[in-house]
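Undergrad: Contents of final-v8.cif (mmCIF, C-alpha atoms) are given next:
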data_upload
loop_
_atom_site.label_atom_id
_atom_site.label_comp_id
_atom_site.auth_asym_id
_atom_site.auth_seq_id
_atom_site.Cartn_x
_atom_site.Cartn_y
_atom_site.Cartn_z
CA MET U 1090 140.46 102.41 147.42
CA SER U 1091 141.10 104.77 144.50
CA ARG U 1092 144.08 106.94 143.67
CA ILE U 1093 143.07 110.42 142.50
CA VAL U 1094 144.98 113.43 141.20
CA VAL U 1095 143.13 116.74 141.62
CA LYS U 1096 144.28 119.89 139.87
CA PHE U 1097 142.97 123.24 141.10
CA GLY U 1098 143.26 126.07 138.59
CA GLY U 1099 144.07 129.65 139.49
CA THR U 1100 140.44 130.75 139.80
CA SER U 1101 139.55 127.81 142.06
CA VAL U 1102 142.28 128.90 144.53
CA GLY U 1103 141.92 132.60 143.82
CA SER U 1104 141.16 133.58 147.43
CA GLY U 1105 141.50 132.22 150.93
CA GLU U 1106 137.84 131.22 150.94
CA ARG U 1107 138.24 129.26 147.73
CA VAL U 1108 141.39 127.56 148.96
CA ARG U 1109 139.50 126.50 152.09
CA ARG U 1110 136.63 125.08 150.04
CA ALA U 1111 139.06 123.25 147.75
CA ALA U 1112 140.89 121.79 150.74
CA GLU U 1113 137.58 120.64 152.24
CA SER U 1114 136.77 118.77 149.03
CA VAL U 1115 140.12 116.99 149.27
CA ALA U 1116 139.53 116.19 152.95
CA ASP U 1117 136.21 114.56 152.01
CA VAL U 1118 137.97 112.24 149.57
CA VAL U 1119 140.64 111.34 152.11
CA GLU U 1120 137.95 110.59 154.67
CA ASP U 1121 136.41 108.14 152.20
CA GLY U 1122 139.71 106.22 152.26
CA ASP U 1123 141.11 107.24 148.87
CA GLU U 1124 144.64 108.45 148.12
CA VAL U 1125 144.88 111.98 146.75
CA CYS U 1126 147.62 114.00 145.08
CA VAL U 1127 146.87 117.73 144.70
CA VAL U 1128 148.29 119.98 141.97
CA VAL U 1129 147.77 123.72 142.36
CA SER U 1130 148.24 126.70 140.08
CA ALA U 1131 149.22 130.19 141.19
CA MET U 1132 146.35 131.97 142.92
CA GLY U 1133 144.12 134.01 140.63
CA GLU U 1134 146.06 136.30 138.30
CA THR U 1135 149.32 136.08 140.24
CA THR U 1136 151.40 134.85 137.30
CA ASP U 1137 150.19 137.59 134.95
CA ARG U 1138 150.89 140.26 137.58
CA LEU U 1139 154.41 138.96 138.18
CA ILE U 1140 155.14 139.01 134.46
CA GLU U 1141 153.81 142.57 134.16
CA GLU U 1142 156.00 143.78 137.02
CA MET U 1143 159.09 142.14 135.55
CA GLU U 1144 158.48 143.89 132.25
CA LYS U 1145 158.37 147.23 134.06
CA VAL U 1146 161.80 146.81 135.65
CA ALA U 1147 163.67 145.37 132.64
CA ASP U 1148 163.69 147.43 129.44
CA ASN U 1149 164.78 144.47 127.34
CA GLY U 1150 162.80 141.93 129.32
CA PRO U 1151 164.13 139.66 132.08
CA ARG U 1152 166.53 136.82 131.41
CA PRO U 1153 164.59 133.56 130.88
CA GLU U 1154 166.12 131.95 133.96
CA ASP U 1155 165.20 134.97 136.09
CA ALA U 1156 161.67 135.02 134.68
CA ASP U 1157 161.16 131.35 135.56
CA GLU U 1158 162.33 131.90 139.11
CA VAL U 1159 160.04 134.89 139.66
CA VAL U 1160 156.99 133.30 138.00
CA SER U 1161 157.46 130.16 140.09
CA MET U 1162 156.73 132.17 143.24
CA GLY U 1163 153.02 132.01 142.42
CA GLU U 1164 152.90 128.21 142.59
CA ARG U 1165 155.34 128.05 145.49
CA THR U 1166 153.03 130.31 147.49
CA SER U 1167 149.91 128.35 146.53
CA VAL U 1168 151.23 125.00 147.77
CA ARG U 1169 152.08 126.48 151.15
CA ILE U 1170 148.67 128.07 151.57
CA PHE U 1171 146.89 124.91 150.45
CA LYS U 1172 148.89 122.78 152.88
CA THR U 1173 147.98 125.19 155.67
CA ALA U 1174 144.29 124.65 154.88
CA LEU U 1175 144.69 120.86 154.89
CA ASP U 1176 146.58 120.96 158.18
CA ASP U 1177 143.74 122.94 159.76
CA LEU U 1178 141.30 120.27 158.56
CA GLY U 1179 143.37 117.53 160.17
CA VAL U 1180 144.65 116.11 156.89
CA ASN U 1181 148.27 114.97 156.91
CA SER U 1182 149.99 116.60 153.94
CA PHE U 1183 153.27 117.93 152.58
CA PHE U 1184 154.09 120.32 149.74
CA VAL U 1185 156.54 119.60 146.94
CA GLU U 1186 158.38 122.25 144.94
CA PRO U 1187 161.42 122.37 142.65
CA GLY U 1188 164.60 121.90 144.64
CA ASP U 1189 163.09 119.22 146.87
CA GLU U 1190 164.67 115.79 146.78
CA ASP U 1191 161.34 114.28 145.76
CA TRP U 1192 160.45 116.88 143.14
CA PRO U 1193 158.82 114.70 140.45
CA VAL U 1194 158.79 116.56 137.11
CA VAL U 1195 162.14 116.35 135.31
CA THR U 1196 162.67 118.14 132.00
CA ASP U 1197 165.41 119.16 129.63
CA GLU U 1198 166.47 122.81 129.49
CA SER U 1199 163.62 123.69 127.10
CA GLY U 1200 160.96 122.26 129.42
CA ARG U 1201 160.43 118.99 127.55
CA VAL U 1202 159.59 116.23 130.03
CA GLU U 1203 162.15 113.47 130.57
CA ASP U 1204 159.79 110.52 130.97
CA GLU U 1205 162.14 107.90 132.44
CA GLU U 1206 163.55 110.01 135.27
CA THR U 1207 160.13 111.56 135.92
CA HIS U 1208 158.57 108.10 136.22
CA GLU U 1209 161.11 107.04 138.85
CA ARG U 1210 160.54 110.17 140.91
CA VAL U 1211 156.76 110.02 140.64
CA GLU U 1212 156.87 106.43 141.88
CA ARG U 1213 158.73 107.64 144.99
CA LEU U 1214 156.09 110.33 145.45
CA GLY U 1215 153.40 107.67 145.16
CA GLU U 1216 154.92 105.70 148.03
CA ARG U 1217 154.46 108.72 150.31
CA MET U 1218 150.79 109.05 149.33
CA GLU U 1219 149.90 106.10 151.56
CA ASP U 1220 150.34 108.32 154.63
CA ALA U 1221 149.85 111.88 153.44
CA VAL U 1222 148.53 114.12 150.66
CA PRO U 1223 151.25 115.66 148.46
CA VAL U 1224 150.51 119.22 147.30
CA VAL U 1225 152.55 119.77 144.14
CA CYS U 1226 153.40 122.99 142.31
CA GLY U 1227 151.81 122.94 138.89
CA PHE U 1228 153.44 124.38 135.76
CA LEU U 1229 157.03 123.94 137.00
CA GLY U 1230 159.82 121.53 136.08
CA GLU U 1231 163.45 121.00 136.90
CA THR U 1232 166.42 119.65 134.96
CA GLU U 1233 168.51 116.85 136.41
CA ASP U 1234 171.13 119.39 137.47
CA GLY U 1235 168.49 121.42 139.34
CA THR U 1236 167.79 124.25 136.88
CA LEU U 1237 164.22 125.51 137.14
CA THR U 1238 162.07 125.20 134.01
CA THR U 1239 158.42 125.74 133.10
CA LEU U 1240 156.04 123.47 131.19
CA GLY U 1241 154.54 126.16 128.99
CA ARG U 1242 150.95 127.15 128.35
CA GLY U 1243 148.56 125.10 130.48
CA GLY U 1244 151.48 123.68 132.41
CA SER U 1245 149.48 122.87 135.55
CA ASP U 1246 147.18 120.65 133.48
CA THR U 1247 150.29 118.93 132.13
CA THR U 1248 151.57 118.39 135.67
CA ALA U 1249 148.31 116.79 136.76
CA MET U 1250 147.97 114.51 133.74
CA LEU U 1251 151.65 113.56 133.87
CA LEU U 1252 151.41 112.63 137.56
CA GLY U 1253 148.18 110.77 136.90
CA LYS U 1254 149.83 108.65 134.24
CA HIS U 1255 152.95 107.77 136.24
CA LEU U 1256 151.01 107.23 139.47
CA ASP U 1257 148.65 104.82 137.70
CA ALA U 1258 145.85 107.03 139.02
CA ASP U 1259 142.27 105.91 138.65
CA GLU U 1260 141.11 109.46 138.05
CA VAL U 1261 142.37 112.96 137.29
CA VAL U 1262 139.97 115.75 138.21
CA ILE U 1263 140.50 119.19 136.65
CA VAL U 1264 138.80 121.79 138.86
CA THR U 1265 138.28 124.98 136.91
CA ASP U 1266 135.95 127.94 136.44
CA VAL U 1267 133.59 126.41 133.89
CA GLU U 1268 130.78 123.86 134.20
CA GLY U 1269 132.60 121.11 132.36
CA ILE U 1270 132.90 121.29 128.58
CA MET U 1271 130.21 123.47 127.04
CA THR U 1272 128.51 123.20 123.65
CA GLY U 1273 129.48 126.83 123.11
CA ASP U 1274 130.75 129.90 124.91
CA PRO U 1275 127.95 130.68 127.43
CA SER U 1276 128.82 134.37 127.28
CA ASN U 1277 128.05 134.35 123.56
CA VAL U 1278 125.69 131.40 122.99
CA GLU U 1279 122.33 131.66 124.73
CA ARG U 1280 121.53 127.94 124.96
CA ALA U 1281 125.01 126.62 125.67
CA LYS U 1282 125.05 123.60 127.97
CA SER U 1283 127.62 121.21 129.36
CA VAL U 1284 128.27 117.83 127.74
CA ASP U 1285 128.56 114.59 129.70
CA SER U 1286 131.53 113.22 127.78
CA ILE U 1287 133.95 114.09 125.00
CA SER U 1288 136.79 112.25 123.29
CA VAL U 1289 140.46 113.13 123.70
CA GLU U 1290 140.65 114.05 120.01
CA GLU U 1291 137.64 116.38 120.24
CA MET U 1292 139.01 117.95 123.41
CA GLN U 1293 142.38 118.58 121.78
CA ASP U 1294 140.76 120.28 118.80
CA LEU U 1295 138.53 122.44 121.02
CA SER U 1296 141.38 123.37 123.36
CA ILE U 1297 143.72 124.30 120.56
CA ARG U 1298 141.06 126.47 118.96
CA GLY U 1299 140.33 128.52 122.04
CA ALA U 1300 138.30 126.43 124.49
CA GLY U 1301 140.92 126.80 127.20
CA VAL U 1302 139.59 124.18 129.61
CA VAL U 1303 142.32 121.53 129.42
CA ALA U 1304 145.66 122.27 127.77
CA PRO U 1305 146.09 120.17 124.58
CA SER U 1306 149.69 119.37 125.55
CA ALA U 1307 148.42 117.74 128.75
CA LEU U 1308 146.10 115.34 126.94
CA ARG U 1309 149.02 113.39 125.49
CA TYR U 1310 149.37 111.77 128.93
CA LYS U 1311 145.77 110.54 129.05
CA THR U 1312 145.67 106.75 129.35
CA ASP U 1313 142.69 104.69 128.34
CA ASP U 1314 142.07 103.32 131.84
CA MET U 1315 142.45 106.68 133.62
CA THR U 1316 139.25 108.69 134.00
CA VAL U 1317 139.66 112.42 133.41
CA LYS U 1318 136.88 114.76 134.53
CA VAL U 1319 136.38 118.53 134.40
CA VAL U 1320 134.27 120.08 137.18
CA HIS U 1321 133.39 123.60 138.34
CA HIS U 1322 135.06 124.87 141.51
CA GLU U 1323 131.77 126.26 142.81
CA HIS U 1324 130.54 122.73 143.54
CA GLY U 1325 133.17 122.39 146.25
CA ASP U 1326 133.18 118.67 145.48
CA VAL U 1327 135.73 116.84 143.33
CA ARG U 1328 133.19 114.02 142.96
CA ALA U 1329 130.64 116.36 141.38
CA GLU U 1330 129.34 115.60 137.92
CA GLY U 1331 131.21 117.24 135.09
CA THR U 1332 132.48 116.33 131.66
CA VAL U 1333 134.40 113.08 131.29
CA ILE U 1334 137.20 112.99 128.70
CA GLU U 1335 137.30 109.57 127.06
CA GLY U 1336 139.96 107.72 125.12
CA GLU U 1337 143.75 107.71 125.11
CA GLY U 1338 146.19 110.44 124.24
CA THR U 1339 149.39 109.94 122.32
CA ASN U 1340 152.83 111.47 122.35
CA THR U 1341 153.78 110.07 118.95
CA HIS U 1342 153.44 111.49 115.46
CA LEU U 1343 151.52 109.58 112.81
CA VAL U 1344 152.66 109.77 109.17
CA GLU U 1345 150.13 108.61 106.57
CA MET U 1346 150.11 108.65 102.77
CA ARG U 1347 147.04 108.69 100.56
CA ASP U 1348 147.23 105.95 97.96
CA GLU U 1349 145.06 107.55 95.26
CA PRO U 1350 146.51 110.37 93.14
CA LEU U 1351 145.29 113.92 93.59
CA ALA U 1352 145.07 116.93 91.32
CA ALA U 1353 145.76 120.55 92.24
CA VAL U 1354 143.16 122.85 90.67
CA THR U 1355 144.30 126.47 90.78
CA VAL U 1356 142.38 129.68 90.13
CA ALA U 1357 144.71 132.55 89.29
CA GLY U 1358 143.91 136.24 89.30
CA ARG U 1359 144.73 139.67 90.63
CA SER U 1360 144.49 140.06 94.41
CA VAL U 1361 142.68 136.77 94.93
CA ILE U 1362 143.36 137.03 98.64
CA ASP U 1363 141.34 140.26 98.79
CA THR U 1364 138.26 138.90 97.01
CA PRO U 1365 135.42 138.57 99.56
CA ASN U 1366 133.59 135.24 99.74
CA LEU U 1367 135.74 133.63 97.03
CA LEU U 1368 136.70 130.59 99.11
CA SER U 1369 133.08 130.01 100.08
CA ARG U 1370 131.88 130.36 96.48
CA LEU U 1371 134.42 127.98 94.98
CA SER U 1372 134.35 125.34 97.72
CA THR U 1373 130.53 125.34 97.68
CA ILE U 1374 130.51 124.62 93.95
CA LEU U 1375 132.85 121.67 94.41
CA GLY U 1376 130.89 120.34 97.39
CA GLU U 1377 127.55 120.58 95.58
CA ASN U 1378 129.05 118.47 92.79
CA ASP U 1379 130.33 115.75 95.11
CA ILE U 1380 133.99 116.75 94.78
CA ASN U 1381 135.84 116.37 98.08
CA ILE U 1382 138.56 118.88 98.99
CA TYR U 1383 141.62 117.34 100.67
CA GLY U 1384 143.28 120.68 101.21
CA HIS U 1385 143.28 124.23 99.94
CA SER U 1386 145.71 127.13 99.97
CA THR U 1387 145.44 130.81 99.19
CA GLY U 1388 148.18 133.08 97.93
CA ASN U 1389 148.05 136.69 96.94
CA ASP U 1390 147.17 135.89 93.31
CA SER U 1391 145.95 132.29 93.38
CA MET U 1392 143.75 129.80 95.20
CA SER U 1393 144.32 126.05 94.90
CA PHE U 1394 142.13 123.04 95.74
CA PHE U 1395 143.46 119.50 96.05
CA VAL U 1396 140.89 116.97 94.83
CA ASP U 1397 140.77 113.37 93.55
CA GLN U 1398 142.59 113.22 90.24
CA SER U 1399 139.61 111.44 88.68
CA LYS U 1400 137.55 114.58 89.34
CA GLY U 1401 140.24 117.15 88.59
CA ARG U 1402 139.14 118.06 85.08
CA ARG U 1403 135.51 118.34 86.15
CA ALA U 1404 136.56 120.61 89.01
CA GLU U 1405 138.53 122.73 86.55
CA LYS U 1406 135.44 123.22 84.35
CA LEU U 1407 133.18 124.05 87.31
CA LEU U 1408 135.56 126.65 88.71
CA HIS U 1409 136.24 128.10 85.29
CA ASP U 1410 132.51 128.59 84.68
CA GLU U 1411 132.25 130.39 88.04
CA VAL U 1412 135.04 132.93 87.47
CA VAL U 1413 135.31 133.26 83.69
CA GLU U 1414 133.15 136.39 83.53
CA ASP U 1415 135.19 138.19 86.19
CA SER U 1416 137.99 140.19 84.56
CA LYS U 1417 140.23 139.97 87.62
CA PHE U 1418 140.71 136.21 87.08
CA SER U 1419 143.11 135.12 84.37
CA SER U 1420 142.96 131.32 84.28
CA VAL U 1421 142.18 127.97 85.90
CA SER U 1422 144.78 125.21 85.67
CA VAL U 1423 145.17 121.58 86.77
CA ARG U 1424 148.31 119.81 87.97
CA GLU U 1425 147.93 116.05 88.12
CA ASP U 1426 149.90 113.22 89.77
CA VAL U 1427 150.06 114.88 93.16
CA ALA U 1428 150.58 112.84 96.33
CA MET U 1429 149.45 113.80 99.83
CA ILE U 1430 151.34 112.94 103.02
CA LEU U 1431 149.62 113.70 106.34
CA VAL U 1432 151.59 114.17 109.55
CA SER U 1433 149.47 114.41 112.70
CA GLY U 1434 150.19 114.88 116.39
CA GLY U 1435 148.23 116.39 119.25
CA ASP U 1436 151.27 118.26 120.60
CA PHE U 1437 152.15 120.19 117.42
CA ILE U 1438 151.11 123.52 118.91
CA ASP U 1439 153.71 123.05 121.65
CA THR U 1440 156.48 121.63 119.45
CA PRO U 1441 158.78 124.42 118.25
CA GLY U 1442 160.34 123.69 114.86
CA ILE U 1443 158.03 120.80 113.94
CA VAL U 1444 157.43 122.14 110.40
CA TYR U 1445 161.19 122.52 109.96
CA ARG U 1446 161.70 118.89 110.99
CA VAL U 1447 159.22 117.79 108.33
CA VAL U 1448 160.57 120.02 105.55
CA LYS U 1449 164.32 119.67 106.17
CA PRO U 1450 164.75 116.04 105.01
CA LEU U 1451 162.78 116.77 101.83
CA TYR U 1452 165.10 119.66 101.01
CA GLU U 1453 168.19 117.57 101.79
CA ASN U 1454 166.98 114.86 99.39
CA GLY U 1455 166.00 117.22 96.58
CA ILE U 1456 162.26 116.58 96.87
CA ASN U 1457 160.16 119.51 95.70
CA ILE U 1458 157.17 120.51 97.83
CA ILE U 1459 154.16 121.47 95.73
CA GLU U 1460 152.32 122.79 98.77
CA ILE U 1461 152.46 122.51 102.53
CA ILE U 1462 149.47 123.23 104.76
CA SER U 1463 149.84 123.29 108.52
CA SER U 1464 147.34 123.49 111.35
CA VAL U 1465 147.65 123.16 115.09
CA THR U 1466 147.27 119.37 114.93
CA SER U 1467 148.59 118.35 111.53
CA ILE U 1468 150.88 119.10 108.61
CA VAL U 1469 149.88 118.13 105.08
CA VAL U 1470 152.60 117.93 102.44
CA PHE U 1471 151.85 117.65 98.72
CA VAL U 1472 154.62 116.33 96.45
CA ASP U 1473 154.99 114.81 93.00
CA ARG U 1474 153.50 111.34 92.99
CA ASP U 1475 156.72 109.82 91.63
CA GLU U 1476 158.51 110.98 94.80
CA ARG U 1477 155.83 110.05 97.31
CA GLN U 1478 157.52 106.99 98.82
CA GLU U 1479 160.87 108.68 99.23
CA ALA U 1480 159.16 111.71 100.78
CA PHE U 1481 157.18 109.49 103.14
CA ASP U 1482 160.33 107.63 104.28
CA CYS U 1483 162.22 110.91 104.83
CA ILE U 1484 159.47 112.42 106.99
CA GLU U 1485 158.83 109.25 108.97
CA GLY U 1486 162.55 108.81 109.67
CA ALA U 1487 162.97 112.42 110.79
CA LEU U 1488 160.07 112.19 113.26
CA GLU U 1489 161.25 108.85 114.63
CA ASP U 1490 164.63 110.43 115.35
CA TYR U 1491 162.87 113.34 117.07
CA GLU U 1492 160.80 111.05 119.32
CA ASP U 1493 163.95 109.14 120.28
CA GLU U 1494 165.79 112.29 121.38
#
Is it possible to express this structure as structure tokens?

TA:
Amino acid sequence: MSRIVVKFGGTSVGSGERVRRAAESVADVVEDGDEVCVVVSAMGETTDRLIEEMEKVADNGPRPEDADEVVSMGERTSVRIFKTALDDLGVNSFFVEPGDEDWPVVTDESGRVEDEETHERVERLGERMEDAVPVVCGFLGETEDGTLTTLGRGGSDTTAMLLGKHLDADEVVIVTDVEGIMTGDPSNVERAKSVDSISVEEMQDLSIRGAGVVAPSALRYKTDDMTVKVVHHEHGDVRAEGTVIEGEGTNTHLVEMRDEPLAAVTVAGRSVIDTPNLLSRLSTILGENDINIYGHSTGNDSMSFFVDQSKGRRAEKLLHDEVVEDSKFSSVSVREDVAMILVSGGDFIDTPGIVYRVVKPLYENGINIIEIISSVTSIVVFVDRDERQEAFDCIEGALEDYEDE
């Protein structure tokens, strides 16, 4: 017997017919003797419509607590309709929503999941799965004092993965409106096709950059022994082939420091930021000469490349030769003895203030930042090499305190 969590996205329950087909796929699994927990999103575009209507009646926008209550009606409605379909198919089920004694997802006031209390409640939910199928509202949370919260973008995915982790589920199936993970956008790429498997890290990068199949914040709950699969709702079968997400997610931040010194090579000139193709030209020159770029930044009047210090002077000459004849560029300079500290974490996009948490201890300890480059999955800080260990300790300590909160 397997334990399975199935999440149905808004499109897959966008009409009564689709709800019926989704319920039939769950009934098939139950008939095979497996335990199933269902997570449902609001039907179709319900959430967007509710938000639009709220904006029409409140000139300054609704209060956050009122908005959460109204938006939650989409998921609250979905669980009731889905349970009705299961009942008609002879499947014993019950729906779970915030306010219920067994509501499983506990958060703080900002919607950050409280793992310990959530684990205890999910275990109680798991005990009831032996006799019935729980149908759980996706996207929603609740504080310990009963205040309604939401889990943010892709919150239903987070609900499913979170429940899967704490239920020790064998499999989490994400039922959505795409044929697994595609090699490209099929509406734009003629020969796009689905892939059989993809790593957690690859999926996080794709999701963060626009491939909205599985929310990157949800993947932090992926365990190594829990299969996660993405399938299309049109199959009407949660056991259909799709894309399997492999590996293990993490909810921790990794701080690393490069041992070798770097050099910052900077091209200065008027309106550098408005010069077409400049980044491509300069980075191509460095690449063709076997000079790796560890980071680059562009300001209004300068563009900098961080390279191995041993190749810094060569990089300076190559870039100088490229721009020297252009009157808009004034100089190329090199700053040596630069250290690089890399902070990475798959949940950065959903962590408000993460850059502040990295920068604050450096400021408090008088450590100058030469450059800081942030992306959706990492923050790279460049400091004087003499201060690298102190900077590393400050950043690592600040993030450890954050994870312990």

Undergrad: Near Glu1337 in chain U, within 6 Å and counting all atoms listed in the file, which residues show up once chain neighbours fewer than 2 positions away are dropped, as a list in words?

TA: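 Answer for this query is Lys1311, Thr1312 and Asp1313 of chain U.
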
Undergrad: Up to 7 Å from (138.7, 114.4, 93.7) in the file's coordinates: name the residues, counting all atoms listed in the file, as JSON, numbers by chain.

TA: {"U": [1351, 1380, 1381, 1382, 1396, 1397, 1398, 1399, 1400, 1401]}

Undergrad: Based on the selection just made, write C-alpha atoms of those residues as a tab-separated table (two decimals), keeping the file's coordinate frame.

TA:
chain	number	residue	atom	x	y	z
U	1351	LEU	CA	145.29	113.92	93.59
U	1380	ILE	CA	133.99	116.75	94.78
U	1381	ASN	CA	135.84	116.37	98.08
U	1382	ILE	CA	138.56	118.88	98.99
U	1396	VAL	CA	140.89	116.97	94.83
U	1397	ASP	CA	140.77	113.37	93.55
U	1398	GLN	CA	142.59	113.22	90.24
U	1399	SER	CA	139.61	111.44	88.68
U	1400	LYS	CA	137.55	114.58	89.34
U	1401	GLY	CA	140.24	117.15	88.59

Undergrad: Please write as a PyMOL selection string the full residue list that the PyMOL selection byres ((chain U and resi 1309) around 12) yields on this file.

TA: chain U and resi 1202+1246-1251+1253-1254+1289-1290+1292-1293+1303-1308+1310-1313+1336-1342+1434-1437+1439

Undergrad: What is the distance, in Å and to one decimal place, between CA of Asp1259 in chain U and CA of Ala1112 in chain U?

TA: 20.0 Å

Undergrad: To one decimal in Å, tell me the separation between CA of His1208 in chain U and CA of Gly1244 in chain U.

TA: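 About the pair CA of His1208 in chain U and CA of Gly1244 in chain U: they are 17.5 Å apart.
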
Undergrad: For the file shown, report as a list in words the outcome of the PyMOL selection byres ((chain U and resi 1409-1414) around 10) at residue level.

TA: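 On the file shown, the PyMOL selection byres ((chain U and resi 1409-1414) around 10) covers Thr1355, Val1356, Ala1357, Gly1358, Leu1367, Arg1370, Leu1371, Ile1374, Arg1403, Ala1404, Glu1405, Lys1406, Leu1407, Leu1408, Asp1415, Ser1416, Lys1417, Phe1418, Ser1419, Ser1420, Val1421 and Ser1422 of chain U.
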
Undergrad: What does the PyMOL selection byres ((chain U and resi 1113-1125) around 8) select in this file, as number ranges by chain?

TA: U: 1090-1095, 1109-1112, 1126-1127, 1175, 1178, 1180, 1218-1219, 1222-1223, 1325-1327

Undergrad: Would you please work out which residue, of U:Val1427, U:Ala1487, U:Ala1480, U:Val1333, is nearest to Ile1459 in chain U when using all atoms listed in the file?

TA: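 With all atoms listed in the file as the atom set, the closest residue is U:Val1427.
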
Undergrad: Mind checking which residues fall within 8 Å of Thr1387 in chain U, counting all atoms listed in the file, ignoring those fewer than 4 positions away in the same chain, and posting them as a list in words?

TA: Val1361, Ile1362, Ser1391, Met1392 and Ser1393 of chain U

Undergrad: Counting all atoms listed in the file, select every polymer residue within 12 Å of (153.5, 111.5, 97.7) as defined in the file's coordinates, and provide the selection as a ChimeraX atom specification.

TA: /U:1344-1352,1425-1431,1451,1456-1460,1469-1484

Undergrad: Considering all atoms listed in the file, can you say which of U:Leu1252, U:Leu1240, U:Leu1343, U:Val1302 comes closest to Arg1213 in chain U?

TA: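 When distances to Arg1213 in chain U are compared using all atoms listed in the file, the smallest one comes from U:Leu1252.
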
Undergrad: Let me make sure I understand: among U:Leu1229, U:Val1432, U:Val1317, U:Ala1156, which one has the smallest atom-to-atom distance to Thr1196 in chain U if we use all atoms listed in the file?

TA: U:Leu1229

Undergrad: With all atoms listed in the file as the atoms that count, which of U:Ser1199, U:Ser1433, U:Ser1464, U:Thr1238 lies nearest to Leu1488 in chain U?

TA: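 Using all atoms listed in the file, the shortest distance to Leu1488 in chain U belongs to U:Ser1433.
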
Undergrad: CA of Ile1170 in chain U to CA of Glu1144 in chain U: how many Å, to one decimal?

TA: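 Computed distance, CA of Ile1170 in chain U to CA of Glu1144 in chain U, equals 26.8 Å.
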
Undergrad: Compile the contact shell of Gly1103 in chain U as a compact mmCIF listing (two decimals) with C-alpha atoms, in the coordinates of the input: residues with an atom at most 8 Å away, counting only C-alpha atoms, same-chain residues fewer than 5 positions apart removed.

TA:
# COMPACT_ATOMS: atom_id res chain seq x y z
CA VAL U 1108 141.39 127.56 148.96
CA MET U 1132 146.35 131.97 142.92
CA GLY U 1133 144.12 134.01 140.63
CA GLU U 1134 146.06 136.30 138.30

Undergrad: Looking at U:Gly1384, U:Gly1188, U:Gly1227, U:Pro1441, which one is nearest to Thr1166 in chain U, with distances taken over all atoms listed in the file?

TA: U:Gly1227

Undergrad: Go through U:Thr1173, U:Thr1373, U:Thr1100, U:Ser1245 one by one, measure the shortest atom-to-atom distance of each to Phe1228 in chain U using all atoms listed in the file, and give the residue with the smallest value.

TA: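 Selected residue with least distance to Phe1228 in chain U: U:Ser1245.
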
Undergrad: Would you save range 1431-1463 of chain U to a file, keeping C-alpha atoms, as a compact mmCIF listing (two decimals), in the first residue's frame?

TA:
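After the write, selection-v2.txt holds the following:
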# COMPACT_ATOMS: atom_id res chain seq x y z
CA LEU U 1431 28.26 33.10 -2.23
CA VAL U 1432 24.98 32.74 -0.35
CA SER U 1433 22.48 30.36 -1.93
CA GLY U 1434 18.98 29.18 -1.09
CA GLY U 1435 16.08 27.95 -3.17
CA ASP U 1436 13.55 30.04 -1.25
CA PHE U 1437 15.18 33.45 -1.77
CA ILE U 1438 12.43 34.65 -4.07
CA ASP U 1439 9.91 34.14 -1.26
CA THR U 1440 12.09 35.49 1.57
CA PRO U 1441 11.39 39.20 2.12
CA GLY U 1442 14.42 41.09 3.42
CA ILE U 1443 16.98 38.37 2.66
CA VAL U 1444 19.45 40.84 1.09
CA TYR U 1445 19.08 43.09 4.14
CA ARG U 1446 19.90 40.15 6.42
CA VAL U 1447 23.09 39.54 4.46
CA VAL U 1448 24.17 43.19 4.25
CA LYS U 1449 23.25 44.36 7.76
CA PRO U 1450 25.97 42.49 9.72
CA LEU U 1451 28.63 43.70 7.27
CA TYR U 1452 27.56 47.30 7.84
CA GLU U 1453 27.46 46.82 11.61
CA ASN U 1454 31.03 45.49 11.56
CA GLY U 1455 32.42 48.16 9.25
CA ILE U 1456 33.05 45.81 6.33
CA ASN U 1457 32.93 47.56 2.96
CA ILE U 1458 31.06 45.84 0.13
CA ILE U 1459 32.84 46.20 -3.19
CA GLU U 1460 29.86 44.78 -5.07
CA ILE U 1461 26.75 42.75 -4.37
CA ILE U 1462 24.94 40.78 -7.05
CA SER U 1463 21.63 39.11 -6.31
